[in-house]
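Undergrad: Input file: protein.pdb. Contents: PDB, C-alpha atoms.
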```pdb
ATOM      1  CA  MET A   1       0.000   0.000   0.000
ATOM      2  CA  ARG A   2       2.912   2.318   0.690
ATOM      3  CA  LEU A   3       4.131   1.998  -2.869
ATOM      4  CA  GLN A   4       0.615   2.464  -4.252
ATOM      5  CA  CYS A   5       0.516   5.772  -2.369
ATOM      6  CA  ASN A   6       3.922   6.710  -3.847
ATOM      7  CA  LEU A   7       5.478   7.099  -0.418
ATOM      8  CA  THR A   8       8.959   6.203   0.728
ATOM      9  CA  GLN A   9       9.607   4.381   3.973
ATOM     10  CA  LYS A  10      11.142   7.612   5.267
ATOM     11  CA  GLN A  11       7.999   9.610   4.441
ATOM     12  CA  VAL A  12       5.816   7.088   6.260
ATOM     13  CA  ALA A  13       8.171   7.066   9.232
ATOM     14  CA  ASP A  14       8.273  10.863   9.416
ATOM     15  CA  THR A  15       4.474  11.055   9.259
ATOM     16  CA  LEU A  16       4.135   8.540  12.096
ATOM     17  CA  GLY A  17       6.987   9.997  14.141
ATOM     18  CA  ILE A  18       9.022   6.785  14.080
ATOM     19  CA  GLU A  19      12.274   5.529  12.578
ATOM     20  CA  GLN A  20      12.478   4.397   8.959
ATOM     21  CA  SER A  21      13.853   1.076  10.190
ATOM     22  CA  ASN A  22      10.512   0.386  11.903
ATOM     23  CA  VAL A  23       8.691   0.655   8.580
ATOM     24  CA  SER A  24      11.290  -1.601   6.978
ATOM     25  CA  ASP A  25      10.875  -4.164   9.756
ATOM     26  CA  TRP A  26       7.085  -4.194   9.289
ATOM     27  CA  GLU A  27       7.400  -4.692   5.554
ATOM     28  CA  ASN A  28       9.910  -7.513   6.046
ATOM     29  CA  ASN A  29       7.853  -9.246   8.765
ATOM     30  CA  VAL A  30      10.553  -8.680  11.360
ATOM     31  CA  SER A  31       8.089  -6.909  13.652
ATOM     32  CA  ARG A  32       4.519  -5.642  13.615
ATOM     33  CA  PRO A  33       3.222  -2.100  14.146
ATOM     34  CA  GLU A  34       1.629  -1.187  17.437
ATOM     35  CA  TYR A  35      -2.097  -0.502  17.550
ATOM     36  CA  GLU A  36      -1.701   3.274  17.343
ATOM     37  CA  ASN A  37       0.535   2.965  14.292
ATOM     38  CA  LEU A  38      -1.915   0.620  12.574
ATOM     39  CA  ILE A  39      -4.597   3.280  12.894
ATOM     40  CA  ALA A  40      -2.209   5.942  11.591
ATOM     41  CA  LEU A  41      -1.254   3.724   8.640
ATOM     42  CA  ALA A  42      -4.893   3.105   7.772
ATOM     43  CA  ARG A  43      -5.524   6.847   7.731
ATOM     44  CA  LEU A  44      -2.360   7.574   5.765
ATOM     45  CA  TYR A  45      -3.137   4.932   3.133
ATOM     46  CA  ASP A  46      -6.895   5.724   3.176
ATOM     47  CA  GLU A  47      -7.651   2.074   3.941
ATOM     48  CA  THR A  48      -9.587   0.211   6.598
ATOM     49  CA  LEU A  49      -7.883  -1.642   9.423
ATOM     50  CA  GLU A  50      -9.390  -4.842   8.042
ATOM     51  CA  SER A  51      -7.766  -4.213   4.706
ATOM     52  CA  LEU A  52      -4.376  -3.545   6.310
ATOM     53  CA  LEU A  53      -4.661  -6.739   8.322
ATOM     54  CA  GLY A  54      -5.840  -8.786   5.349
ATOM     55  CA  ILE A  55      -9.193  -9.583   6.937
ATOM     56  CA  GLU A  56     -12.043 -10.378   4.567
ATOM     57  CA  LEU A  57     -15.480  -9.497   5.917
TER
END
```
Could you take the file, read its structure, and then write that structure out as structure tokens?

TA:
Amino acid sequence: MRLQCNLTQKQVADTLGIEQSNVSDWENNVSRPEYENLIALARLYDETLESLLGIEL
């Protein structure tokens, strides 16, 4: 979704107030974002939490 929004990892990190390495770790399944960051990502990407989590309703 980040790439579809034409954002760099650094831009996402700056928007969320975190380190770029955190975004990299999420994308490489090294770690997972905290609840607050999931909400911020959903807003940033204009997606639902379900969509971010891959949940089909």

Undergrad: Let me make sure I understand: among A:Leu44, A:Leu49, A:Ile55, A:Val30, which one has the smallest atom-to-atom distance to Gln11 of chain A if we use only C-alpha atoms?

TA: A:Leu44

Undergrad: Which residues come within 9 Å of Met1 of chain A, counting only C-alpha atoms, excluding same-chain residues fewer than 3 positions away, as a PyMOL selection string?

TA: chain A and resi 4-7+45+47+52

Undergrad: Determine, counting only C-alpha atoms, every residue of protein, DNA or RNA that lies within 10 Å of (1.0, 6.4, 8.7) in the file coordinates, then give the result as a list of chain:residue names.

TA: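 Residues with an atom at most 10 Å from (1.0, 6.4, 8.7): A:Arg2, A:Gln11, A:Val12, A:Ala13, A:Asp14, A:Thr15, A:Leu16, A:Gly17, A:Ile18, A:Val23, A:Glu36, A:Asn37, A:Leu38, A:Ile39, A:Ala40, A:Leu41, A:Ala42, A:Arg43, A:Leu44, A:Tyr45, A:Asp46.
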
Undergrad: Save out the residues we just selected, C-alpha atoms, as a PDB file, in the frame of the given file.

TA:
```pdb
ATOM      1  CA  ARG A   2       2.912   2.318   0.690  1.00  0.00           C
ATOM      2  CA  GLN A  11       7.999   9.610   4.441  1.00  0.00           C
ATOM      3  CA  VAL A  12       5.816   7.088   6.260  1.00  0.00           C
ATOM      4  CA  ALA A  13       8.171   7.066   9.232  1.00  0.00           C
ATOM      5  CA  ASP A  14       8.273  10.863   9.416  1.00  0.00           C
ATOM      6  CA  THR A  15       4.474  11.055   9.259  1.00  0.00           C
ATOM      7  CA  LEU A  16       4.135   8.540  12.096  1.00  0.00           C
ATOM      8  CA  GLY A  17       6.987   9.997  14.141  1.00  0.00           C
ATOM      9  CA  ILE A  18       9.022   6.785  14.080  1.00  0.00           C
ATOM     10  CA  VAL A  23       8.691   0.655   8.580  1.00  0.00           C
ATOM     11  CA  GLU A  36      -1.701   3.274  17.343  1.00  0.00           C
ATOM     12  CA  ASN A  37       0.535   2.965  14.292  1.00  0.00           C
ATOM     13  CA  LEU A  38      -1.915   0.620  12.574  1.00  0.00           C
ATOM     14  CA  ILE A  39      -4.597   3.280  12.894  1.00  0.00           C
ATOM     15  CA  ALA A  40      -2.209   5.942  11.591  1.00  0.00           C
ATOM     16  CA  LEU A  41      -1.254   3.724   8.640  1.00  0.00           C
ATOM     17  CA  ALA A  42      -4.893   3.105   7.772  1.00  0.00           C
ATOM     18  CA  ARG A  43      -5.524   6.847   7.731  1.00  0.00           C
ATOM     19  CA  LEU A  44      -2.360   7.574   5.765  1.00  0.00           C
ATOM     20  CA  TYR A  45      -3.137   4.932   3.133  1.00  0.00           C
ATOM     21  CA  ASP A  46      -6.895   5.724   3.176  1.00  0.00           C
TER      22      ASP A  46
END
```

Undergrad: I need the residue nearest Leu53 of chain A from this list: A:Gln9, A:Ser24, A:Arg32, A:Leu3. Use only C-alpha atoms for the distance.

TA: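 Looking at the shortest contact to Leu53 of chain A, the residue is A:Arg32.
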
Undergrad: Which distance in Å separates atom CA of Leu57 of chain A and atom CA of Asn22 of chain A, to one decimal?

TA: 28.4 Å

Undergrad: Need the axis-aligned box for segment 46-49 of chain A with 8 Å each side, so what are the centre and edges in Å to one decimal, as lines of an AutoDock Vina configuration file?

TA:
```
center_x = -8.2
center_y = 2.0
center_z = 6.3
size_x = 18.7
size_y = 23.4
size_z = 22.2
```
